[in-house]
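Trainee: Got a structure for you, my_file.txt, holding compact mmCIF, C-alpha atoms.
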```
# COMPACT_ATOMS: atom_id res chain seq x y z
CA MET O 1 -7.36 64.31 -35.49
CA GLY O 2 -10.22 65.83 -33.52
CA LEU O 3 -10.16 66.61 -29.82
CA PHE O 4 -12.63 63.82 -28.97
CA ASP O 5 -11.27 61.13 -31.32
CA PRO O 6 -9.05 59.48 -28.66
CA TYR O 7 -12.05 59.24 -26.32
CA LYS O 8 -14.09 57.58 -29.06
CA GLY O 9 -11.35 54.99 -29.54
CA PHE O 10 -11.06 54.25 -25.83
CA GLY O 11 -14.85 54.11 -25.66
CA VAL O 12 -14.87 51.08 -27.97
CA THR O 13 -12.26 49.39 -25.77
CA PHE O 14 -14.08 50.06 -22.51
CA GLY O 15 -17.42 49.06 -24.08
CA THR O 16 -16.16 45.57 -24.91
CA MET O 17 -14.75 45.06 -21.41
CA PHE O 18 -18.24 44.57 -20.02
CA LYS O 19 -19.54 42.27 -22.73
CA LYS O 20 -19.78 38.54 -22.16
CA PRO O 21 -16.92 36.75 -23.97
CA THR O 22 -17.75 34.26 -26.70
CA THR O 23 -16.11 30.90 -25.99
CA GLU O 24 -16.07 28.16 -28.63
CA GLN O 25 -16.18 24.72 -26.99
CA TYR O 26 -13.97 23.16 -29.65
CA PRO O 27 -13.40 20.28 -30.33
CA GLU O 28 -16.25 19.02 -28.13
CA GLN O 29 -18.71 21.25 -29.99
CA LYS O 30 -17.82 21.74 -33.63
CA LYS O 31 -19.25 24.75 -35.40
CA GLU O 32 -21.15 24.03 -38.60
CA THR O 33 -19.50 25.49 -41.68
CA ALA O 34 -21.11 27.30 -44.61
CA PRO O 35 -22.36 25.06 -47.46
CA ARG O 36 -19.67 26.38 -49.85
CA PHE O 37 -16.85 26.27 -47.30
CA HIS O 38 -13.42 25.59 -48.80
CA GLY O 39 -12.06 22.63 -46.86
CA ARG O 40 -10.07 19.49 -47.61
CA HIS O 41 -10.05 18.39 -51.23
CA GLN O 42 -11.68 15.24 -52.59
CA LEU O 43 -10.97 13.29 -55.78
CA ASN O 44 -14.32 12.06 -57.09
CA ARG O 45 -15.39 8.92 -58.90
CA HIS O 46 -17.86 7.99 -61.63
CA PRO O 47 -20.89 5.91 -60.55
CA ASP O 48 -19.11 2.70 -61.56
CA GLY O 49 -16.05 3.51 -59.44
CA LEU O 50 -13.68 4.73 -62.17
CA GLU O 51 -11.78 7.89 -61.25
CA LYS O 52 -12.79 11.24 -62.75
CA CYS O 53 -9.22 12.56 -62.71
CA VAL O 54 -7.59 12.27 -66.14
CA GLY O 55 -4.13 13.45 -65.08
CA CYS O 56 -4.24 16.66 -67.14
CA GLU O 57 -2.37 18.66 -64.42
CA LEU O 58 -4.50 21.77 -64.97
CA CYS O 59 -5.14 21.98 -61.22
CA ALA O 60 -1.39 22.04 -60.58
CA TRP O 61 -0.90 24.80 -63.15
CA ALA O 62 -3.72 26.87 -61.63
CA CYS O 63 -2.47 26.58 -58.03
CA PRO O 64 -0.88 29.91 -56.98
CA ALA O 65 0.93 28.27 -54.05
CA ASP O 66 2.44 25.38 -56.07
CA ALA O 67 0.83 22.96 -53.61
CA ILE O 68 -0.36 20.29 -56.07
CA TYR O 69 1.77 17.66 -57.75
CA VAL O 70 0.31 15.37 -60.45
CA GLU O 71 1.80 12.62 -62.59
CA GLY O 72 -0.39 11.23 -65.35
CA ALA O 73 -0.18 7.77 -66.89
CA ASP O 74 -1.85 5.89 -69.74
CA ASN O 75 -4.80 3.58 -69.28
CA THR O 76 -4.76 0.19 -70.94
CA GLU O 77 -7.60 -2.22 -71.64
CA ALA O 78 -6.10 -4.60 -69.11
CA GLU O 79 -5.64 -1.89 -66.46
CA ARG O 80 -8.13 1.01 -66.62
CA TYR O 81 -8.51 3.56 -63.81
CA SER O 82 -10.56 6.24 -65.61
CA PRO O 83 -12.49 6.68 -68.87
CA GLY O 84 -10.37 7.83 -71.78
CA GLU O 85 -6.65 7.66 -72.39
CA ARG O 86 -5.04 8.83 -69.14
CA TYR O 87 -5.48 8.91 -65.38
CA GLY O 88 -3.72 10.50 -62.42
CA ARG O 89 -1.13 7.93 -61.31
CA VAL O 90 0.33 10.23 -58.62
CA TYR O 91 -1.68 12.98 -56.94
CA GLN O 92 -0.43 14.96 -53.96
CA ILE O 93 -1.59 18.12 -52.19
CA ASN O 94 0.79 19.83 -49.76
CA TYR O 95 -1.41 21.41 -47.08
CA LEU O 96 1.59 23.27 -45.69
CA ARG O 97 1.37 25.38 -48.86
CA CYS O 98 -2.30 25.15 -49.82
CA ILE O 99 -4.28 28.36 -49.15
CA LEU O 100 -7.67 26.71 -49.90
CA CYS O 101 -8.49 29.32 -52.54
CA GLY O 102 -10.42 26.91 -54.80
CA LEU O 103 -8.71 27.90 -58.07
CA CYS O 104 -7.81 24.25 -58.67
CA ILE O 105 -11.52 23.39 -58.51
CA GLU O 106 -12.35 25.97 -61.17
CA ALA O 107 -9.58 24.66 -63.44
CA CYS O 108 -10.65 20.99 -63.34
CA PRO O 109 -12.40 20.10 -66.63
CA THR O 110 -14.03 16.88 -65.36
CA ARG O 111 -15.16 17.93 -61.85
CA ALA O 112 -12.74 15.36 -60.52
CA LEU O 113 -11.60 17.70 -57.75
CA THR O 114 -13.99 19.33 -55.27
CA MET O 115 -13.65 20.68 -51.73
CA SER O 116 -15.32 19.25 -48.66
CA ASN O 117 -16.29 20.87 -45.33
CA ASP O 118 -13.48 19.13 -43.47
CA TYR O 119 -11.24 21.78 -41.89
CA GLU O 120 -9.33 19.72 -39.30
CA LEU O 121 -5.98 19.64 -41.05
CA ALA O 122 -3.60 20.49 -38.20
CA ASP O 123 -0.76 18.07 -37.50
CA ASP O 124 2.65 18.01 -35.85
CA SER O 125 4.33 16.26 -38.79
CA ARG O 126 5.23 17.96 -42.06
CA ARG O 127 5.18 14.61 -43.87
CA ASP O 128 1.62 13.84 -42.74
CA LEU O 129 0.35 17.13 -44.20
CA ILE O 130 1.24 16.01 -47.74
CA PHE O 131 -1.93 14.14 -48.72
CA THR O 132 -1.62 11.39 -51.33
CA LYS O 133 -4.10 10.16 -53.90
CA GLU O 134 -5.23 7.33 -51.63
CA GLN O 135 -6.13 9.84 -48.90
CA LEU O 136 -7.96 12.19 -51.27
CA LEU O 137 -10.02 9.63 -53.24
CA ALA O 138 -13.73 9.53 -52.42
CA PRO O 139 -14.86 6.29 -50.76
CA LEU O 140 -16.60 3.69 -52.89
CA GLY O 141 -20.36 4.12 -52.94
CA GLU O 142 -23.21 1.78 -53.80
CA GLY O 143 -22.68 0.03 -57.13
CA MET O 144 -19.01 1.13 -57.34
CA GLU O 145 -16.03 -1.16 -57.79
CA ALA O 146 -12.44 -0.20 -57.10
CA PRO O 147 -10.45 0.24 -60.33
CA PRO O 148 -8.87 -1.06 -62.44
CA HIS O 149 -11.86 -2.42 -64.35
CA PRO O 150 -13.50 -1.86 -67.79
CA MET O 151 -15.89 1.01 -68.57
CA ARG O 152 -19.45 0.12 -67.58
CA LEU O 153 -21.39 3.29 -68.35
CA GLY O 154 -20.73 3.29 -72.09
CA GLU O 155 -18.44 2.26 -74.87
CA SER O 156 -16.30 5.41 -74.83
CA GLU O 157 -15.22 8.31 -72.64
CA THR O 158 -17.85 10.52 -74.28
CA ASP O 159 -20.66 8.35 -72.92
CA TYR O 160 -19.55 9.15 -69.37
CA TYR O 161 -19.88 12.91 -69.85
CA THR O 162 -23.00 13.04 -72.04
CA ARG O 163 -25.20 10.66 -70.02
CA ASP O 164 -28.18 12.10 -68.16
CA PRO O 165 -27.28 12.22 -64.44
CA ASP O 166 -30.91 11.39 -63.59
CA ALA O 167 -31.06 8.33 -65.84
CA PRO O 168 -31.01 4.94 -64.07
CA LEU O 169 -27.69 3.13 -64.03
CA PRO O 170 -27.28 -0.24 -65.76
CA TRP O 171 -27.16 -2.20 -62.48
CA GLN O 172 -30.21 -0.32 -61.21
CA LEU O 173 -32.15 -1.48 -64.24
CA ALA O 174 -30.97 -5.03 -63.60
CA GLY O 175 -31.96 -4.74 -59.93
CA ALA O 176 -35.48 -3.79 -60.97
CA GLY O 177 -35.79 -7.03 -62.93
CA ARG O 178 -34.48 -5.57 -66.18
CA THR O 179 -31.18 -6.47 -67.70
CA GLY O 180 -28.75 -3.94 -69.14
CA GLY O 181 -29.62 -5.16 -72.63
CA ASP O 182 -33.35 -4.72 -72.14
CA GLU O 183 -34.13 -1.92 -74.59
CA GLU O 184 -37.70 -1.61 -73.34
CA GLY O 185 -36.51 -1.08 -69.76
CA THR O 186 -33.97 1.51 -70.88
CA ARG O 187 -36.65 3.32 -72.89
CA ARG O 188 -39.02 3.41 -69.91
CA GLY O 189 -36.25 4.78 -67.70
CA ALA O 190 -35.54 7.55 -70.21
CA GLU O 191 -39.25 8.38 -70.45
CA ASP O 192 -39.43 8.68 -66.67
CA VAL O 193 -36.63 11.24 -66.72
CA ILE O 194 -38.35 13.23 -69.50
CA ASP O 195 -41.66 13.19 -67.60
CA ARG O 196 -39.99 14.55 -64.46
CA ARG O 197 -38.28 17.31 -66.40
CA THR O 198 -41.54 18.21 -68.19
CA SER O 199 -43.42 18.44 -64.87
CA GLY O 200 -40.92 21.01 -63.64
CA GLU O 201 -38.63 18.84 -61.53
CA HIS O 202 -35.00 19.90 -61.71
CA SER O 203 -32.12 17.65 -62.51
CA ARG O 204 -30.01 16.57 -59.57
CA ALA O 205 -26.99 17.93 -61.47
CA ASP O 206 -28.49 21.45 -61.29
CA GLU O 207 -28.58 21.24 -57.50
CA VAL O 208 -24.92 20.27 -57.03
CA PRO O 209 -22.85 23.21 -55.70
CA ALA O 210 -19.34 23.83 -56.96
CA HIS O 211 -17.83 23.39 -53.50
CA GLY O 212 -18.75 22.08 -50.10
CA ALA O 213 -19.87 18.86 -48.50
CA GLY O 214 -21.76 16.65 -50.88
CA SER O 215 -20.66 18.76 -53.83
CA GLU O 216 -20.07 15.65 -55.90
CA LEU O 217 -22.95 13.24 -55.54
CA PRO O 218 -22.77 9.95 -57.45
CA ARG O 219 -23.92 10.43 -61.03
```
When written as structure tokens, how does the structure in this file appear?
Mentor:
Amino acid sequence: MGLFDPYKGFGVTFGTMFKKPTTEQYPEQKKETAPRFHGRHQLNRHPDGLEKCVGCELCAWACPADAIYVEGADNTEAERYSPGERYGRVYQINYLRCILCGLCIEACPTRALTMSNDYELADDSRRDLIFTKEQLLAPLGEGMEAPPHPMRLGESETDYYTRDPDAPLPWQLAGAGRTGGDEEGTRRGAEDVIDRRTSGEHSRADEVPAHGAGSELPR
């Protein structure tokens, strides 16, 4: 250690003594977070309201803190909560353990799980910090219906994942004076999408970030 090193260290301390302190006026003034901030999780839905979670438990396996608990169950034609065979019957995230690393998001094969910008997770009850599926599910948007109900975006699970996110939805076609069975209306809608892509417009799916507020827009 050099002769002047202690003076350099004390110089940093004394230099900060005369600087104006930075005071955050929280919670009256909330600081805006970064777009890809890792906050509270959200379980997303398909545009018709069916849940994207298929109960595969890959998020639970990927979690390094063992904070996620999932129980899958089988869909039936009389009671369908998601496209395909299974759905997440029980979904819990323990925020006493969660380190908000985002590995569960990367593991999800259906983009059912994303992270919002909500960071206010403090509580004085351990029980209240274990979020259930009902607390994590995204709210119903326009054109959505709470499950259980039949598939409305196709005849099979594959139709949900191969459809163009920019293509008009069946009830949007009907709202424009075209019924879902109107092949001419469907063809015109598809041509509109192709024209936009040809003119250089990007798909809305290309603009969706992996994390952050609005990371899962209705498709």
Trainee: Give as a PDB file with C-alpha atoms, in the coordinates of the input the set of residues within 12 Å of the point (1.8, 23.6, -55.6), where distances use the file's coordinates and all atoms listed in the file.
Mentor:
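result_22.pdb, written as the output of this step:
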```pdb
ATOM      1  CA  GLU O  57      -2.370  18.660 -64.420  1.00  0.00           C
ATOM      2  CA  LEU O  58      -4.500  21.770 -64.970  1.00  0.00           C
ATOM      3  CA  CYS O  59      -5.140  21.980 -61.220  1.00  0.00           C
ATOM      4  CA  ALA O  60      -1.390  22.040 -60.580  1.00  0.00           C
ATOM      5  CA  TRP O  61      -0.900  24.800 -63.150  1.00  0.00           C
ATOM      6  CA  ALA O  62      -3.720  26.870 -61.630  1.00  0.00           C
ATOM      7  CA  CYS O  63      -2.470  26.580 -58.030  1.00  0.00           C
ATOM      8  CA  PRO O  64      -0.880  29.910 -56.980  1.00  0.00           C
ATOM      9  CA  ALA O  65       0.930  28.270 -54.050  1.00  0.00           C
ATOM     10  CA  ASP O  66       2.440  25.380 -56.070  1.00  0.00           C
ATOM     11  CA  ALA O  67       0.830  22.960 -53.610  1.00  0.00           C
ATOM     12  CA  ILE O  68      -0.360  20.290 -56.070  1.00  0.00           C
ATOM     13  CA  TYR O  69       1.770  17.660 -57.750  1.00  0.00           C
ATOM     14  CA  VAL O  70       0.310  15.370 -60.450  1.00  0.00           C
ATOM     15  CA  TYR O  91      -1.680  12.980 -56.940  1.00  0.00           C
ATOM     16  CA  GLN O  92      -0.430  14.960 -53.960  1.00  0.00           C
ATOM     17  CA  ILE O  93      -1.590  18.120 -52.190  1.00  0.00           C
ATOM     18  CA  ASN O  94       0.790  19.830 -49.760  1.00  0.00           C
ATOM     19  CA  TYR O  95      -1.410  21.410 -47.080  1.00  0.00           C
ATOM     20  CA  LEU O  96       1.590  23.270 -45.690  1.00  0.00           C
ATOM     21  CA  ARG O  97       1.370  25.380 -48.860  1.00  0.00           C
ATOM     22  CA  CYS O  98      -2.300  25.150 -49.820  1.00  0.00           C
ATOM     23  CA  ILE O  99      -4.280  28.360 -49.150  1.00  0.00           C
ATOM     24  CA  LEU O 100      -7.670  26.710 -49.900  1.00  0.00           C
ATOM     25  CA  LEU O 103      -8.710  27.900 -58.070  1.00  0.00           C
ATOM     26  CA  CYS O 104      -7.810  24.250 -58.670  1.00  0.00           C
ATOM     27  CA  ILE O 130       1.240  16.010 -47.740  1.00  0.00           C
TER      28      ILE O 130
END
```
Trainee: Pick from O:Leu50, O:Leu140, O:Val90, O:Leu43: nearest to Thr114 (chain O), with all atoms listed in the file counted?
Mentor: O:Leu43
Trainee: Between O:Cys108, O:Glu157, O:Ala167, O:Gly143, which has the minimum distance to Glu85 (chain O) (counting all atoms listed in the file)?
Mentor: O:Glu157
Trainee: Pick from O:Cys53, O:Leu136, O:Met144, O:Leu121: nearest to Gln172 (chain O), with all atoms listed in the file counted?
Mentor: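 Between O:Cys53, O:Leu136, O:Met144, O:Leu121, the residue approaching Gln172 (chain O) most closely is O:Met144.
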Trainee: May I ask for the distance between CA of Thr22 (chain O) and CA of Tyr119 (chain O), given in Å to one decimal place?
Mentor: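 It comes out at 20.7 Å.
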Trainee: Record the distance separating CA of Ser116 (chain O) and CA of Phe37 (chain O), expressed in Å with one decimal.
Mentor: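 Value for the CA of Ser116 (chain O)-CA of Phe37 (chain O) distance: 7.3 Å.
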Trainee: With a distance cut-off of 9 Å and only C-alpha atoms, select the neighbouring residues of Gly55 (chain O), excluding the residue or stretch itself and same-chain residues fewer than 6 positions from it, and output the selection as a ChimeraX atom specification.
Mentor: /O:70-73,86-91
Trainee: Give as a PDB file with C-alpha atoms, keeping the file's coordinate frame the set of residues within 10 Å of the point (-13.9, 18.0, -64.7), where distances use the file's coordinates and all atoms listed in the file.
Mentor:
```
ATOM      1  CA  ASN O  44     -14.320  12.060 -57.090  1.00  0.00           C
ATOM      2  CA  LYS O  52     -12.790  11.240 -62.750  1.00  0.00           C
ATOM      3  CA  CYS O  53      -9.220  12.560 -62.710  1.00  0.00           C
ATOM      4  CA  VAL O  54      -7.590  12.270 -66.140  1.00  0.00           C
ATOM      5  CA  ILE O 105     -11.520  23.390 -58.510  1.00  0.00           C
ATOM      6  CA  GLU O 106     -12.350  25.970 -61.170  1.00  0.00           C
ATOM      7  CA  ALA O 107      -9.580  24.660 -63.440  1.00  0.00           C
ATOM      8  CA  CYS O 108     -10.650  20.990 -63.340  1.00  0.00           C
ATOM      9  CA  PRO O 109     -12.400  20.100 -66.630  1.00  0.00           C
ATOM     10  CA  THR O 110     -14.030  16.880 -65.360  1.00  0.00           C
ATOM     11  CA  ARG O 111     -15.160  17.930 -61.850  1.00  0.00           C
ATOM     12  CA  ALA O 112     -12.740  15.360 -60.520  1.00  0.00           C
ATOM     13  CA  LEU O 113     -11.600  17.700 -57.750  1.00  0.00           C
ATOM     14  CA  THR O 114     -13.990  19.330 -55.270  1.00  0.00           C
ATOM     15  CA  TYR O 161     -19.880  12.910 -69.850  1.00  0.00           C
TER      16      TYR O 161
END
```
Trainee: Can you fill out region 51-87 of chain O with N, CA and C atoms and hand it back as a compact mmCIF listing (two decimals), in the frame of the given file?
Mentor:
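Contents of selection_9.txt, freshly written:
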```
# COMPACT_ATOMS: atom_id res chain seq x y z
N GLU O 51 -12.17 6.57 -61.73
CA GLU O 51 -11.78 7.89 -61.25
C GLU O 51 -12.08 8.96 -62.29
N LYS O 52 -12.51 10.13 -61.84
CA LYS O 52 -12.79 11.24 -62.75
C LYS O 52 -11.52 11.97 -63.18
N CYS O 53 -10.47 11.87 -62.38
CA CYS O 53 -9.22 12.56 -62.71
C CYS O 53 -8.58 11.92 -63.94
N VAL O 54 -8.21 12.76 -64.91
CA VAL O 54 -7.59 12.27 -66.14
C VAL O 54 -6.12 12.65 -66.22
N GLY O 55 -5.56 13.15 -65.11
CA GLY O 55 -4.13 13.45 -65.08
C GLY O 55 -3.71 14.57 -65.99
N CYS O 56 -4.58 15.56 -66.22
CA CYS O 56 -4.24 16.66 -67.14
C CYS O 56 -3.32 17.70 -66.51
N GLU O 57 -3.24 17.75 -65.18
CA GLU O 57 -2.37 18.66 -64.42
C GLU O 57 -2.82 20.11 -64.47
N LEU O 58 -4.04 20.38 -64.95
CA LEU O 58 -4.50 21.77 -64.97
C LEU O 58 -4.65 22.34 -63.57
N CYS O 59 -5.03 21.50 -62.60
CA CYS O 59 -5.14 21.98 -61.22
C CYS O 59 -3.78 22.42 -60.70
N ALA O 60 -2.73 21.68 -61.03
CA ALA O 60 -1.39 22.04 -60.58
C ALA O 60 -0.93 23.34 -61.20
N TRP O 61 -1.27 23.55 -62.48
CA TRP O 61 -0.90 24.80 -63.15
C TRP O 61 -1.65 25.99 -62.57
N ALA O 62 -2.90 25.77 -62.14
CA ALA O 62 -3.72 26.87 -61.63
C ALA O 62 -3.38 27.24 -60.19
N CYS O 63 -2.73 26.34 -59.46
CA CYS O 63 -2.47 26.58 -58.03
C CYS O 63 -1.45 27.70 -57.84
N PRO O 64 -1.83 28.79 -57.17
CA PRO O 64 -0.88 29.91 -56.98
C PRO O 64 0.18 29.62 -55.93
N ALA O 65 -0.02 28.59 -55.11
CA ALA O 65 0.93 28.27 -54.05
C ALA O 65 1.83 27.08 -54.41
N ASP O 66 1.66 26.53 -55.62
CA ASP O 66 2.44 25.38 -56.07
C ASP O 66 2.32 24.23 -55.07
N ALA O 67 1.07 23.97 -54.64
CA ALA O 67 0.83 22.96 -53.61
C ALA O 67 0.42 21.61 -54.17
N ILE O 68 0.17 21.53 -55.48
CA ILE O 68 -0.36 20.29 -56.07
C ILE O 68 0.68 19.69 -57.00
N TYR O 69 0.86 18.39 -56.88
CA TYR O 69 1.77 17.66 -57.75
C TYR O 69 1.01 16.49 -58.38
N VAL O 70 1.05 16.40 -59.71
CA VAL O 70 0.31 15.37 -60.45
C VAL O 70 1.23 14.70 -61.46
N GLU O 71 1.14 13.39 -61.53
CA GLU O 71 1.80 12.62 -62.59
C GLU O 71 0.74 11.79 -63.29
N GLY O 72 0.57 11.99 -64.58
CA GLY O 72 -0.39 11.23 -65.35
C GLY O 72 0.23 9.97 -65.93
N ALA O 73 -0.62 9.01 -66.25
CA ALA O 73 -0.18 7.77 -66.89
C ALA O 73 -1.27 7.30 -67.84
N ASP O 74 -0.92 6.38 -68.73
CA ASP O 74 -1.85 5.89 -69.74
C ASP O 74 -2.66 4.72 -69.22
N ASN O 75 -3.95 4.75 -69.52
CA ASN O 75 -4.80 3.58 -69.28
C ASN O 75 -4.55 2.52 -70.34
N THR O 76 -4.79 1.28 -69.98
CA THR O 76 -4.76 0.19 -70.94
C THR O 76 -6.05 -0.60 -70.78
N GLU O 77 -6.40 -1.41 -71.75
CA GLU O 77 -7.60 -2.22 -71.64
C GLU O 77 -7.50 -3.22 -70.51
N ALA O 78 -6.28 -3.64 -70.20
CA ALA O 78 -6.10 -4.60 -69.11
C ALA O 78 -6.06 -3.92 -67.75
N GLU O 79 -5.76 -2.63 -67.73
CA GLU O 79 -5.64 -1.89 -66.46
C GLU O 79 -6.17 -0.47 -66.66
N ARG O 80 -7.46 -0.29 -66.39
CA ARG O 80 -8.13 1.01 -66.62
C ARG O 80 -8.57 1.60 -65.28
N TYR O 81 -8.15 2.85 -65.05
CA TYR O 81 -8.51 3.56 -63.81
C TYR O 81 -9.50 4.69 -64.05
N SER O 82 -9.63 5.16 -65.28
CA SER O 82 -10.56 6.24 -65.61
C SER O 82 -11.00 6.08 -67.06
N PRO O 83 -12.12 6.71 -67.45
CA PRO O 83 -12.49 6.68 -68.87
C PRO O 83 -11.46 7.47 -69.69
N GLY O 84 -11.29 7.09 -70.93
CA GLY O 84 -10.37 7.83 -71.78
C GLY O 84 -8.97 7.27 -71.77
N GLU O 85 -8.01 8.13 -72.17
CA GLU O 85 -6.65 7.66 -72.39
C GLU O 85 -5.79 7.66 -71.14
N ARG O 86 -5.98 8.67 -70.24
CA ARG O 86 -5.04 8.83 -69.14
C ARG O 86 -5.75 8.93 -67.79
N TYR O 87 -4.97 8.77 -66.74
CA TYR O 87 -5.48 8.91 -65.38
C TYR O 87 -4.37 9.50 -64.51
```
